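One file, entry_7.cif, carrying mmCIF, C-alpha atoms and all ligand atoms:
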data_target
loop_
_atom_site.label_atom_id
_atom_site.label_comp_id
_atom_site.auth_asym_id
_atom_site.auth_seq_id
_atom_site.Cartn_x
_atom_site.Cartn_y
_atom_site.Cartn_z
CA MET A 20 6.82 1.35 14.35
CA THR A 21 7.76 3.08 11.14
CA ASP A 22 5.15 5.79 11.16
CA LEU A 23 3.91 6.51 7.67
CA ALA A 24 0.80 8.40 8.84
CA HIS A 25 2.16 11.58 7.24
CA ILE A 26 1.75 10.11 3.75
CA ARG A 27 -2.03 9.77 3.97
CA SER A 28 -2.55 13.21 2.45
CA ASP A 29 -0.74 11.96 -0.68
CA PHE A 30 -3.77 9.73 -1.40
CA PRO A 31 -6.75 11.91 -2.43
CA ILE A 32 -9.26 9.05 -2.16
CA LEU A 33 -8.61 8.73 1.56
CA GLN A 34 -10.35 12.10 2.00
CA GLU A 35 -13.54 10.65 0.53
CA GLU A 36 -16.61 9.65 2.53
CA MET A 37 -18.35 6.33 2.06
CA ASN A 38 -21.94 5.82 3.20
CA GLY A 39 -21.67 8.85 5.47
CA HIS A 40 -18.38 7.78 7.08
CA PRO A 41 -14.73 8.51 6.30
CA LEU A 42 -13.53 5.84 3.86
CA ILE A 43 -11.46 3.15 5.56
CA TYR A 44 -9.84 1.16 2.78
CA LEU A 45 -8.80 -2.36 3.78
CA ASP A 46 -8.70 -4.09 0.39
CA SER A 47 -5.22 -3.32 -0.90
CA ALA A 48 -4.56 -6.99 -1.71
CA ALA A 49 -7.22 -6.55 -4.42
CA THR A 50 -5.89 -3.21 -5.59
CA SER A 51 -4.05 -0.35 -3.92
CA GLN A 52 -4.99 3.32 -3.85
CA LYS A 53 -2.90 5.80 -5.87
CA PRO A 54 -0.86 8.77 -4.66
CA THR A 55 -1.07 12.16 -6.38
CA ALA A 56 2.42 11.58 -7.82
CA VAL A 57 1.09 8.63 -9.86
CA ILE A 58 -2.16 10.33 -10.87
CA ASP A 59 -0.17 13.40 -12.00
CA ALA A 60 2.36 11.32 -13.94
CA ILE A 61 -0.47 9.73 -15.93
CA SER A 62 -2.43 12.90 -16.60
CA GLY A 63 0.80 14.82 -17.31
CA PHE A 64 1.70 12.25 -19.96
CA TYR A 65 -1.64 12.67 -21.72
CA GLN A 66 -1.52 16.45 -21.43
CA LYS A 67 2.04 16.99 -22.62
CA THR A 68 3.78 13.99 -24.16
CA ASN A 69 1.21 11.54 -25.53
CA ALA A 70 2.33 9.72 -28.68
CA ASN A 71 2.90 6.11 -29.64
CA VAL A 72 6.29 4.64 -28.77
CA HIS A 73 9.12 3.08 -30.81
CA ARG A 74 7.97 4.81 -34.00
CA GLY A 75 10.27 7.77 -33.67
CA ALA A 76 9.60 9.76 -36.81
CA TYR A 77 9.05 12.89 -34.72
CA THR A 78 10.15 14.42 -31.42
CA LEU A 79 6.95 13.78 -29.47
CA SER A 80 7.16 10.06 -30.17
CA ASP A 81 10.82 10.05 -29.12
CA THR A 82 9.88 11.75 -25.85
CA ALA A 83 7.08 9.23 -25.18
CA THR A 84 9.51 6.39 -25.96
CA ASP A 85 12.13 7.82 -23.60
CA LEU A 86 9.57 8.09 -20.78
CA TYR A 87 8.32 4.55 -21.40
CA GLU A 88 11.87 3.14 -21.43
CA GLU A 89 12.83 5.17 -18.33
CA ALA A 90 9.88 3.57 -16.54
CA ARG A 91 11.17 0.15 -17.58
CA ALA A 92 14.65 0.94 -16.26
CA ARG A 93 13.20 2.12 -12.95
CA VAL A 94 11.05 -0.99 -12.55
CA ALA A 95 14.01 -3.21 -13.45
CA GLY A 96 16.18 -1.49 -10.84
CA PHE A 97 13.45 -1.97 -8.23
CA ILE A 98 13.70 -5.78 -8.53
CA ASN A 99 17.43 -5.84 -9.30
CA ALA A 100 16.99 -6.89 -12.92
CA ASP A 101 18.48 -5.74 -16.21
CA ARG A 102 16.08 -3.61 -18.26
CA ARG A 103 16.09 -6.22 -21.06
CA GLU A 104 14.70 -8.71 -18.54
CA VAL A 105 11.54 -6.66 -17.86
CA ALA A 106 8.63 -7.00 -20.29
CA PHE A 107 5.53 -4.89 -19.73
CA ASN A 108 2.08 -6.42 -20.05
CA ARG A 109 -1.36 -6.15 -18.51
CA GLY A 110 -0.58 -7.62 -15.09
CA THR A 111 0.31 -10.77 -13.19
CA THR A 112 -2.37 -12.81 -14.94
CA SER A 113 -1.07 -11.83 -18.33
CA ALA A 114 2.58 -12.42 -17.30
CA LEU A 115 1.86 -15.93 -15.99
CA ASN A 116 -0.07 -16.75 -19.17
CA GLN A 117 2.95 -15.59 -21.17
CA VAL A 118 5.16 -18.07 -19.31
CA ALA A 119 2.63 -20.90 -19.57
CA TYR A 120 2.00 -20.32 -23.30
CA GLY A 121 5.47 -19.09 -24.26
CA TRP A 122 7.60 -21.53 -22.30
CA GLY A 123 5.17 -24.27 -21.20
CA LEU A 124 3.42 -24.88 -24.50
CA ASN A 125 6.75 -25.27 -26.30
CA ASN A 126 8.64 -27.29 -23.71
CA LEU A 127 6.23 -29.50 -21.75
CA GLU A 128 5.38 -33.05 -22.85
CA PRO A 129 3.24 -35.91 -21.61
CA GLY A 130 4.87 -37.29 -18.45
CA ASP A 131 6.11 -33.86 -17.38
CA LYS A 132 4.78 -32.25 -14.22
CA VAL A 133 4.14 -28.67 -13.14
CA LEU A 134 4.42 -28.26 -9.38
CA LEU A 135 2.15 -25.63 -7.83
CA SER A 136 0.92 -25.13 -4.28
CA LEU A 137 -2.50 -25.30 -2.71
CA MET A 138 -2.32 -21.61 -1.84
CA GLU A 139 -2.09 -20.33 -5.43
CA HIS A 140 -4.30 -17.65 -6.93
CA HIS A 141 -6.28 -18.80 -9.98
CA ALA A 142 -3.85 -16.77 -12.10
CA ASN A 143 -1.15 -19.30 -11.22
CA ILE A 144 -3.35 -22.36 -11.76
CA VAL A 145 -5.64 -21.86 -14.74
CA PRO A 146 -2.96 -20.91 -17.34
CA TRP A 147 -1.11 -24.14 -16.47
CA GLN A 148 -4.35 -26.11 -16.79
CA LEU A 149 -5.03 -24.57 -20.21
CA VAL A 150 -1.53 -25.39 -21.43
CA SER A 151 -1.57 -28.89 -19.96
CA ARG A 152 -4.55 -29.66 -22.19
CA HIS A 153 -2.19 -29.20 -25.15
CA THR A 154 0.99 -30.66 -23.69
CA GLY A 155 -0.35 -33.53 -21.57
CA ALA A 156 1.71 -32.32 -18.59
CA GLU A 157 0.27 -33.05 -15.16
CA LEU A 158 -0.32 -30.49 -12.41
CA ILE A 159 0.64 -31.45 -8.87
CA TYR A 160 0.18 -29.41 -5.70
CA ALA A 161 2.28 -28.97 -2.58
CA PRO A 162 0.18 -28.69 0.60
CA TYR A 163 0.50 -26.26 3.49
CA THR A 164 1.00 -27.08 7.15
CA ASP A 165 -1.41 -26.74 10.08
CA SER A 166 0.19 -23.38 10.81
CA TYR A 167 -0.45 -22.19 7.22
CA ALA A 168 3.17 -22.32 6.06
CA LEU A 169 3.96 -23.94 2.74
CA ASP A 170 4.91 -27.56 3.47
CA VAL A 171 8.41 -27.33 2.04
CA ASP A 172 9.32 -30.93 2.95
CA ALA A 173 6.26 -32.19 1.10
CA LEU A 174 7.11 -29.91 -1.82
CA GLU A 175 10.63 -31.30 -1.99
CA SER A 176 9.37 -34.86 -1.85
CA LEU A 177 7.18 -34.12 -4.90
CA LEU A 178 10.18 -32.79 -6.84
CA ASP A 179 11.39 -35.54 -9.13
CA GLU A 180 13.03 -35.39 -12.55
CA ASN A 181 9.62 -35.19 -14.24
CA VAL A 182 8.89 -31.81 -12.66
CA LYS A 183 9.82 -29.20 -15.27
CA VAL A 184 8.31 -26.11 -13.65
CA VAL A 185 7.75 -25.08 -10.05
CA SER A 186 5.40 -22.09 -9.90
CA ILE A 187 4.70 -20.69 -6.45
CA THR A 188 3.38 -17.49 -4.94
CA ALA A 189 5.90 -15.45 -2.95
CA MET A 190 3.09 -14.25 -0.68
CA SER A 191 -0.41 -15.71 -0.39
CA ASN A 192 -3.22 -13.24 -1.08
CA VAL A 193 -5.45 -15.09 1.41
CA LEU A 194 -3.27 -16.55 4.17
CA GLY A 195 -0.66 -13.81 3.97
CA THR A 196 2.05 -16.51 4.13
CA ILE A 197 5.48 -15.48 2.80
CA ASN A 198 7.10 -18.45 1.09
CA PRO A 199 10.85 -19.23 1.15
CA ILE A 200 11.35 -18.73 -2.58
CA ARG A 201 15.15 -18.97 -2.61
CA HIS A 202 15.05 -22.30 -0.80
CA ILE A 203 12.38 -23.61 -3.20
CA ALA A 204 14.28 -22.24 -6.23
CA ASP A 205 17.42 -24.08 -5.13
CA ALA A 206 15.46 -27.31 -4.77
CA ALA A 207 13.73 -26.77 -8.13
CA HIS A 208 17.06 -26.12 -9.87
CA ARG A 209 18.65 -29.22 -8.30
CA ALA A 210 15.78 -31.22 -9.82
CA GLY A 211 16.28 -29.52 -13.20
CA ALA A 212 13.05 -27.49 -13.01
CA LEU A 213 12.41 -23.82 -13.69
CA MET A 214 11.33 -21.55 -10.82
CA VAL A 215 8.40 -19.28 -11.62
CA VAL A 216 7.31 -16.81 -8.95
CA ASP A 217 3.92 -15.15 -8.60
CA ALA A 218 5.04 -11.96 -6.89
CA ALA A 219 1.73 -10.06 -7.19
CA GLN A 220 1.53 -9.67 -3.40
CA ALA A 221 5.25 -9.62 -2.66
CA VAL A 222 6.64 -6.84 -4.87
CA PRO A 223 4.30 -4.19 -3.40
CA HIS A 224 5.06 -5.06 0.21
CA MET A 225 8.67 -6.20 0.62
CA THR A 226 12.05 -5.98 -1.04
CA VAL A 227 12.06 -8.39 -3.97
CA ASP A 228 15.44 -9.10 -5.54
CA VAL A 229 15.16 -11.49 -8.46
CA LYS A 230 18.84 -12.43 -8.20
CA GLN A 231 18.64 -13.12 -4.50
CA MET A 232 15.53 -15.24 -5.13
CA ASP A 233 17.14 -16.90 -8.16
CA ALA A 234 13.76 -16.74 -9.92
CA ASP A 235 13.73 -17.80 -13.56
CA PHE A 236 10.47 -15.94 -14.23
CA LEU A 237 8.59 -13.59 -11.92
CA ALA A 238 5.25 -11.83 -12.40
CA PHE A 239 3.62 -8.83 -10.73
CA SER A 240 0.97 -6.14 -11.25
CA GLY A 241 1.28 -2.35 -11.13
CA HIS A 242 -2.12 -1.71 -9.59
CA LYS A 243 -1.31 -3.47 -6.31
CA MET A 244 1.80 -1.30 -5.77
CA LEU A 245 0.32 2.22 -6.00
CA GLY A 246 0.42 2.16 -9.82
CA PRO A 247 -2.40 2.13 -12.34
CA THR A 248 -4.42 -0.84 -13.59
CA GLY A 249 -3.59 -2.35 -16.96
CA ILE A 250 0.17 -2.63 -16.42
CA GLY A 251 2.23 -5.51 -15.13
CA VAL A 252 5.61 -7.08 -15.49
CA LEU A 253 7.08 -10.34 -16.63
CA TYR A 254 10.66 -10.65 -15.42
CA GLY A 255 12.70 -13.46 -16.96
CA LYS A 256 16.41 -14.32 -16.89
CA LEU A 257 17.89 -12.94 -20.10
CA ASP A 258 18.88 -16.28 -21.63
CA LEU A 259 15.44 -17.75 -20.90
CA LEU A 260 13.63 -14.77 -22.41
CA GLU A 261 15.86 -14.92 -25.45
CA ALA A 262 15.06 -18.60 -25.93
CA MET A 263 11.34 -18.29 -25.16
CA GLU A 264 8.71 -18.04 -27.88
CA PRO A 265 6.30 -15.11 -27.69
CA ALA A 266 2.74 -16.01 -26.71
CA GLU A 267 1.27 -13.09 -28.65
CA GLY A 268 2.16 -11.83 -32.10
CA GLY A 269 1.57 -8.51 -33.85
CA GLY A 270 3.17 -5.12 -34.25
CA GLU A 271 6.16 -3.96 -32.18
CA MET A 272 7.38 -7.50 -31.44
CA ILE A 273 8.88 -8.41 -34.81
CA SER A 274 12.20 -7.92 -36.53
CA ASP A 275 10.88 -8.94 -39.97
CA VAL A 276 7.65 -10.36 -41.34
CA GLN A 277 7.48 -12.52 -44.49
CA LEU A 278 4.29 -13.96 -45.90
CA ASP A 279 4.66 -17.26 -44.10
CA SER A 280 7.04 -16.58 -41.22
CA SER A 281 8.52 -13.84 -39.04
CA THR A 282 11.53 -13.14 -36.89
CA TRP A 283 11.31 -11.55 -33.49
CA ALA A 284 12.48 -8.24 -32.10
CA GLU A 285 15.10 -8.16 -29.37
CA VAL A 286 13.98 -8.85 -25.81
CA PRO A 287 11.97 -7.48 -24.10
CA HIS A 288 10.10 -6.07 -27.15
CA LYS A 289 9.49 -9.61 -28.43
CA PHE A 290 6.98 -9.95 -25.57
CA GLU A 291 5.23 -6.61 -26.10
CA ALA A 292 2.97 -7.16 -29.09
CA GLY A 293 0.87 -4.17 -30.10
CA THR A 294 0.79 -0.66 -28.68
CA PRO A 295 1.84 -1.08 -25.07
CA PRO A 296 0.17 0.50 -22.02
CA ILE A 297 2.35 3.62 -22.26
CA ALA A 298 0.70 5.95 -19.75
CA GLU A 299 0.30 3.01 -17.39
CA ALA A 300 4.00 2.14 -17.58
CA ILE A 301 4.89 5.74 -16.83
CA GLY A 302 2.43 5.68 -13.92
CA LEU A 303 4.06 2.51 -12.63
CA GLY A 304 7.45 4.19 -12.88
CA ALA A 305 6.11 7.01 -10.68
CA ALA A 306 4.73 4.44 -8.21
CA VAL A 307 8.13 2.75 -7.98
CA GLU A 308 9.77 6.13 -7.42
CA TYR A 309 7.28 6.82 -4.63
CA LEU A 310 7.93 3.44 -2.97
CA GLU A 311 11.69 3.92 -3.30
CA LYS A 312 11.39 7.25 -1.50
CA LEU A 313 9.49 5.59 1.35
CA GLY A 314 12.01 2.74 1.31
CA MET A 315 10.84 -0.86 1.09
CA GLU A 316 12.23 -1.60 4.53
CA ALA A 317 10.02 1.11 5.98
CA VAL A 318 7.05 -0.24 4.01
CA ARG A 319 7.63 -3.72 5.37
CA SER A 320 8.20 -2.63 8.94
CA HIS A 321 5.07 -0.45 8.90
CA GLU A 322 3.06 -3.45 7.72
CA ILE A 323 4.58 -5.80 10.26
CA ASP A 324 3.57 -3.40 13.00
CA LEU A 325 0.05 -2.92 11.68
CA THR A 326 -0.49 -6.63 11.03
CA ALA A 327 0.72 -7.49 14.54
CA TYR A 328 -1.73 -4.96 15.94
CA ALA A 329 -4.55 -6.35 13.76
CA LEU A 330 -3.84 -9.98 14.68
CA ASP A 331 -3.81 -9.00 18.32
CA ARG A 332 -7.06 -7.05 18.24
CA LEU A 333 -8.91 -9.46 15.91
CA GLY A 334 -7.69 -12.42 17.96
CA ALA A 335 -9.46 -10.97 21.00
CA ILE A 336 -12.86 -11.06 19.27
CA GLN A 337 -14.86 -14.06 20.38
CA ASP A 338 -15.67 -16.67 17.71
CA LEU A 339 -13.30 -15.07 15.21
CA THR A 340 -11.06 -17.50 13.30
CA ILE A 341 -7.99 -16.24 11.45
CA TYR A 342 -6.68 -18.28 8.50
CA GLY A 343 -2.97 -17.59 8.30
CA PRO A 344 0.32 -17.62 10.21
CA THR A 345 0.38 -15.88 13.58
CA ASP A 346 4.08 -14.92 13.35
CA VAL A 347 4.16 -11.53 11.61
CA GLU A 348 7.73 -12.07 10.41
CA THR A 349 6.50 -14.88 8.17
CA ARG A 350 3.48 -13.17 6.75
CA GLY A 351 2.19 -10.08 4.97
CA GLY A 352 -0.77 -7.87 5.70
CA ALA A 353 -3.64 -9.86 4.18
CA VAL A 354 -5.71 -11.22 7.06
CA ALA A 355 -8.51 -13.66 6.19
CA PHE A 356 -11.05 -14.56 8.85
CA THR A 357 -14.52 -15.82 9.64
CA LEU A 358 -16.71 -14.65 12.50
CA ALA A 359 -18.99 -17.25 14.11
CA ASP A 360 -21.37 -18.42 11.41
CA ILE A 361 -21.99 -14.97 9.94
CA HIS A 362 -21.54 -15.14 6.18
CA PRO A 363 -18.47 -13.16 5.09
CA HIS A 364 -20.58 -11.26 2.55
CA ASP A 365 -22.85 -10.09 5.39
CA ILE A 366 -19.78 -9.01 7.35
CA ALA A 367 -18.56 -7.02 4.33
CA THR A 368 -21.99 -5.40 3.92
CA ILE A 369 -22.22 -4.35 7.56
CA LEU A 370 -18.68 -2.94 7.46
CA ASP A 371 -19.45 -1.15 4.19
CA GLN A 372 -22.33 0.66 5.90
CA GLN A 373 -19.68 2.06 8.23
CA GLY A 374 -17.41 3.13 5.36
CA ILE A 375 -15.04 0.16 5.75
CA ALA A 376 -14.04 -1.67 2.55
CA ILE A 377 -12.94 -5.31 2.91
CA ARG A 378 -13.22 -8.22 0.51
CA ALA A 379 -15.31 -11.36 1.06
CA GLY A 380 -15.41 -14.59 -0.89
CA HIS A 381 -12.89 -17.11 -2.16
CA HIS A 382 -10.39 -14.39 -3.23
CA CYS A 383 -9.72 -16.17 -6.55
CA ALA A 384 -8.15 -19.11 -4.70
CA ARG A 385 -10.89 -21.72 -4.78
CA PRO A 386 -8.68 -24.79 -4.25
CA LEU A 387 -7.32 -23.09 -1.12
CA ALA A 388 -10.79 -22.11 0.12
CA ARG A 389 -11.94 -25.69 -0.37
CA SER A 390 -8.97 -27.11 1.49
CA LEU A 391 -9.53 -24.64 4.35
CA LYS A 392 -13.14 -25.85 4.51
CA ALA A 393 -14.05 -22.18 4.43
CA PRO A 394 -15.64 -21.61 1.01
CA ALA A 395 -15.75 -17.91 1.81
CA THR A 396 -13.74 -15.77 4.20
CA ALA A 397 -13.68 -12.07 4.99
CA ARG A 398 -10.31 -10.45 4.27
CA ALA A 399 -8.81 -7.20 5.48
CA SER A 400 -5.54 -6.20 3.85
CA PHE A 401 -3.21 -3.34 4.69
CA TYR A 402 -0.80 -1.07 2.89
CA VAL A 403 1.39 1.96 3.49
CA TYR A 404 -1.49 4.39 4.06
CA ASN A 405 -3.31 2.35 6.72
CA ILE A 406 -3.05 3.29 10.38
CA ARG A 407 -3.97 1.70 13.68
CA SER A 408 -7.27 3.55 13.90
CA ASP A 409 -8.32 1.71 10.68
CA VAL A 410 -7.86 -1.55 12.59
CA ASP A 411 -9.82 -0.13 15.53
CA ALA A 412 -12.68 0.80 13.19
CA LEU A 413 -12.61 -2.73 11.74
CA VAL A 414 -12.81 -4.26 15.21
CA ASP A 415 -15.70 -1.96 16.22
CA GLY A 416 -17.48 -2.87 12.98
CA LEU A 417 -17.07 -6.58 13.66
CA GLU A 418 -18.45 -6.17 17.18
CA LYS A 419 -21.43 -4.47 15.60
CA ALA A 420 -21.86 -7.41 13.20
CA ARG A 421 -21.91 -9.74 16.21
CA GLU A 422 -24.68 -7.64 17.79
CA ILE A 423 -26.74 -7.44 14.60
CA PHE A 424 -26.54 -11.20 14.09
CA GLY A 425 -27.19 -11.84 17.78
CA VAL A 426 -24.01 -13.88 18.24
CA ALA A 427 -23.95 -14.58 21.96
N1 LIG B 501 -1.52 -13.63 -7.93
C1 LIG B 501 -1.83 -13.22 -6.69
C2 LIG B 501 -1.08 -13.78 -5.52
C3 LIG B 501 -2.82 -12.25 -6.51
O1 LIG B 501 -3.11 -11.84 -5.28
C4 LIG B 501 -3.49 -11.74 -7.64
C5 LIG B 501 -4.62 -10.76 -7.51
C6 LIG B 501 -3.11 -12.18 -8.90
C7 LIG B 501 -2.13 -13.14 -9.01
C8 LIG B 501 -3.72 -11.64 -10.16
O2 LIG B 501 -3.34 -10.32 -10.35
P1 LIG B 501 -3.96 -9.45 -11.54
O3 LIG B 501 -3.45 -8.08 -11.28
O4 LIG B 501 -3.51 -10.03 -12.80
O5 LIG B 501 -5.46 -9.54 -11.37
N2 LIG B 501 -5.30 -10.85 -6.30
C9 LIG B 501 -6.50 -10.31 -5.99
C10 LIG B 501 -7.06 -10.41 -4.73
O6 LIG B 501 -6.56 -10.99 -3.78
N3 LIG B 501 -8.25 -9.79 -4.74
O7 LIG B 501 -8.44 -9.28 -5.95
C11 LIG B 501 -7.37 -9.60 -6.74
#

Show the structure stored in the file as structure tokens.
Amino acid sequence: MTDLAHIRSDFPILQEEMNGHPLIYLDSAATSQKPTAVIDAISGFYQKTNANVHRGAYTLSDTATDLYEEARARVAGFINADRREVAFNRGTTSALNQVAYGWGLNNLEPGDKVLLSLMEHHANIVPWQLVSRHTGAELIYAPYTDSYALDVDALESLLDENVKVVSITAMSNVLGTINPIRHIADAAHRAGALMVVDAAQAVPHMTVDVKQMDADFLAFSGHKMLGPTGIGVLYGKLDLLEAMEPAEGGGEMISDVQLDSSTWAEVPHKFEAGTPPIAEAIGLGAAVEYLEKLGMEAVRSHEIDLTAYALDRLGAIQDLTIYGPTDVETRGGAVAFTLADIHPHDIATILDQQGIAIRAGHHCARPLARSLKAPATARASFYVYNIRSDVDALVDGLEKAREIFGVA
């Protein structure tokens, strides 16, 4: 195991108590906790260098701009992209909407298809539905197998020349499944389609290399990777970003504005209308620096170890059903489950009374929940700061839930 236990003191919130117990945070798939390095980067910006960016009439604004652009360069390096290929926005949801409205709205036509999967988060479904109302394009969905892997054969059989976009999650936020993006991208490109990747769960937890994946567009959020809320990234291949229309207009994103038309700024600024989330970008830069110091291989191997331990211990609980792959090499650290017929919200409430935070519900993936015939599941999800005793506490809490609900 790659032991990261020593980093727990970097996360002030982990010293907090919850309902009279030490906080055990098992909801990092929803949002991660933040290390002092990130909190300090944000407050340091506001205390010493706050000004608007790209309006450099004075030194303070130049400094803020430099910090903002340094953060971009760091984030770009983290995913092996050029800095011009990284546009900041509000998060994965906003990035996927930019692709749907910027690329989809201007390129899709009746008869075209957008190929998604049944394990997508609403953020990778609803923007395509909204745009298809304007374009007449049809949405089609690749299924998953009995062992909760994406059914790649079925996906490939759905790929005909009418499919113009394949948009798939790199890691499911419910099943934990890691999808073979490069393989799917190759198939998509052979069929003449673009490959869009929802990397909200992947970038925080494993090495993501946009070139290795051959992603055309890729979206992720800062807040799930130790960074602040309100910042996310749209990566796009340079030529595609240069050709793509902006989905939002306003200040910062123009080259010139006439009364009846405008020209756009260079990429990536064309996609950053309005005052950007400056402090948040700088905070994300600090988060990336922190993850780089840990090393993404260490992050991944820590999570493999912890997830294996969790699957083992949870699997020994009677009447507990896990929804997701059992092979830890093919999955991340989000573990969705049900326990007998106890409602997942009741499970979450009982665990909360013991200071343990998990999520319960459909996890913003209703089509998946419906297809699992489990409208709600409980979900524990792990990150760098979790340790085996967190899993032990979860298991004890679940045994308690069994007792309270009189499950024989
Ligand atoms: N895609 C995936 C795979 C996600 O897990 C999430 C958030 C999003 C997109 C949207 O990200 P946002 O930052 O724009 O909100 N997932 C979750 C979750 O599992 N629980 O809360 C949010």

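Distance annotation: of A:Ala156, A:Ala238, A:Val184, A:Ala335, the residue with the minimal separation from Arg109 of chain A is A:Ala238; atom set is all atoms listed in the file.
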
Checklist entry - Taking into account only C-alpha atoms, which residue in the set A:Met315, A:Leu79, A:Ala90, A:Ala355 is nearest to Val105 of chain A? => result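 Closest to Val105 of chain A of all the choices is A:Ala90.
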
Within 6 Å of ligand LIG 501 (chain B), which residues of chain A come that close, and what is the closest atom pair and distance in Å for each? Count all atoms listed in the file and give it as a tab-separated table.
residue	atom	partner	partner_atom	distance
A:Ala48	CA	B:LIG501	O6	4.9
A:Ala49	CA	B:LIG501	O7	3.4
A:Gly110	CA	B:LIG501	O4	4.4
A:Thr111	CA	B:LIG501	O4	3.9
A:Thr112	CA	B:LIG501	O4	3.7
A:His140	CA	B:LIG501	N1	5.0
A:Ala142	CA	B:LIG501	C7	5.1
A:Thr188	CA	B:LIG501	C2	5.8
A:Ser191	CA	B:LIG501	C2	5.5
A:Asn192	CA	B:LIG501	O1	4.4
A:Asp217	CA	B:LIG501	N1	5.7
A:Ala219	CA	B:LIG501	C1	4.8
A:Gln220	CA	B:LIG501	C2	5.3
A:Ser240	CA	B:LIG501	O3	4.8
A:His382	CA	B:LIG501	O6	5.2

Next on the checklist: Just want the 10 Å neighbourhood of segment 344-350 of chain A, counted on all atoms listed in the file, with same-chain residues fewer than 2 positions away dropped. Output as a VMD selection string.
Outcome noted: chain A and resid 164 to 168 190 to 191 194 to 199 319 to 320 322 to 328 330 to 331 334 341 to 342 352 to 354

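Nearest residue to Thr248 of chain A among A:Leu45, A:Gly302, A:Asp338, A:Ile98 is A:Gly302, counting all atoms listed in the file.
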
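Between Ala395 of chain A and the candidates A:Arg407, A:Arg421, A:His364, A:Arg91, the tightest atom-to-atom separation, counting all atoms listed in the file, involves A:His364.
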
Checklist entry - With only C-alpha atoms as the atoms that count, which of A:Asn69, A:Thr154, A:Asn126, A:Ser136 lies nearest to Ala384 of chain A? => result A:Ser136

Next on the checklist: Could you list, as number ranges by chain, every residue within 8 Å of Met263 of chain A, counting only C-alpha atoms and ignoring same-chain residues fewer than 4 positions away?
Outcome noted: A: 121-122, 259

Next on the checklist: Report, in Å with one decimal, the straight-line distance from atom CA of Ala420 of chain A to atom CA of Tyr44 of chain A.
Outcome noted: 18.1 Å

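When only C-alpha atoms are used to measure the gap to Asp46 of chain A, the shortest distance among A:Ile375, A:Val410, A:Ala100, A:Val150 belongs to A:Ile375.
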
Neighbourhood query: residues within 10 Å of (-19.9, -0.3, 5.1), file coordinates, counting all atoms listed in the file; return as a JSON list (two decimals) with C-alpha atoms, keeping the file's coordinate frame.
[["chain", "number", "residue", "atom", "x", "y", "z"],
["A", 37, "MET", "CA", -18.35, 6.33, 2.06],
["A", 38, "ASN", "CA", -21.94, 5.82, 3.20],
["A", 39, "GLY", "CA", -21.67, 8.85, 5.47],
["A", 40, "HIS", "CA", -18.38, 7.78, 7.08],
["A", 42, "LEU", "CA", -13.53, 5.84, 3.86],
["A", 43, "ILE", "CA", -11.46, 3.15, 5.56],
["A", 366, "ILE", "CA", -19.78, -9.01, 7.35],
["A", 367, "ALA", "CA", -18.56, -7.02, 4.33],
["A", 368, "THR", "CA", -21.99, -5.40, 3.92],
["A", 369, "ILE", "CA", -22.22, -4.35, 7.56],
["A", 370, "LEU", "CA", -18.68, -2.94, 7.46],
["A", 371, "ASP", "CA", -19.45, -1.15, 4.19],
["A", 372, "GLN", "CA", -22.33, 0.66, 5.90],
["A", 373, "GLN", "CA", -19.68, 2.06, 8.23],
["A", 374, "GLY", "CA", -17.41, 3.13, 5.36],
["A", 375, "ILE", "CA", -15.04, 0.16, 5.75],
["A", 376, "ALA", "CA", -14.04, -1.67, 2.55],
["A", 377, "ILE", "CA", -12.94, -5.31, 2.91],
["A", 416, "GLY", "CA", -17.48, -2.87, 12.98]]

Next on the checklist: Please list as a list of chain:residue names every residue within 10 Å of Arg209 of chain A, counting all atoms listed in the file and excluding residues in the same chain fewer than 5 positions away.
Outcome noted: A:Leu178, A:Asp179, A:Glu180, A:Ile203, A:Ala204
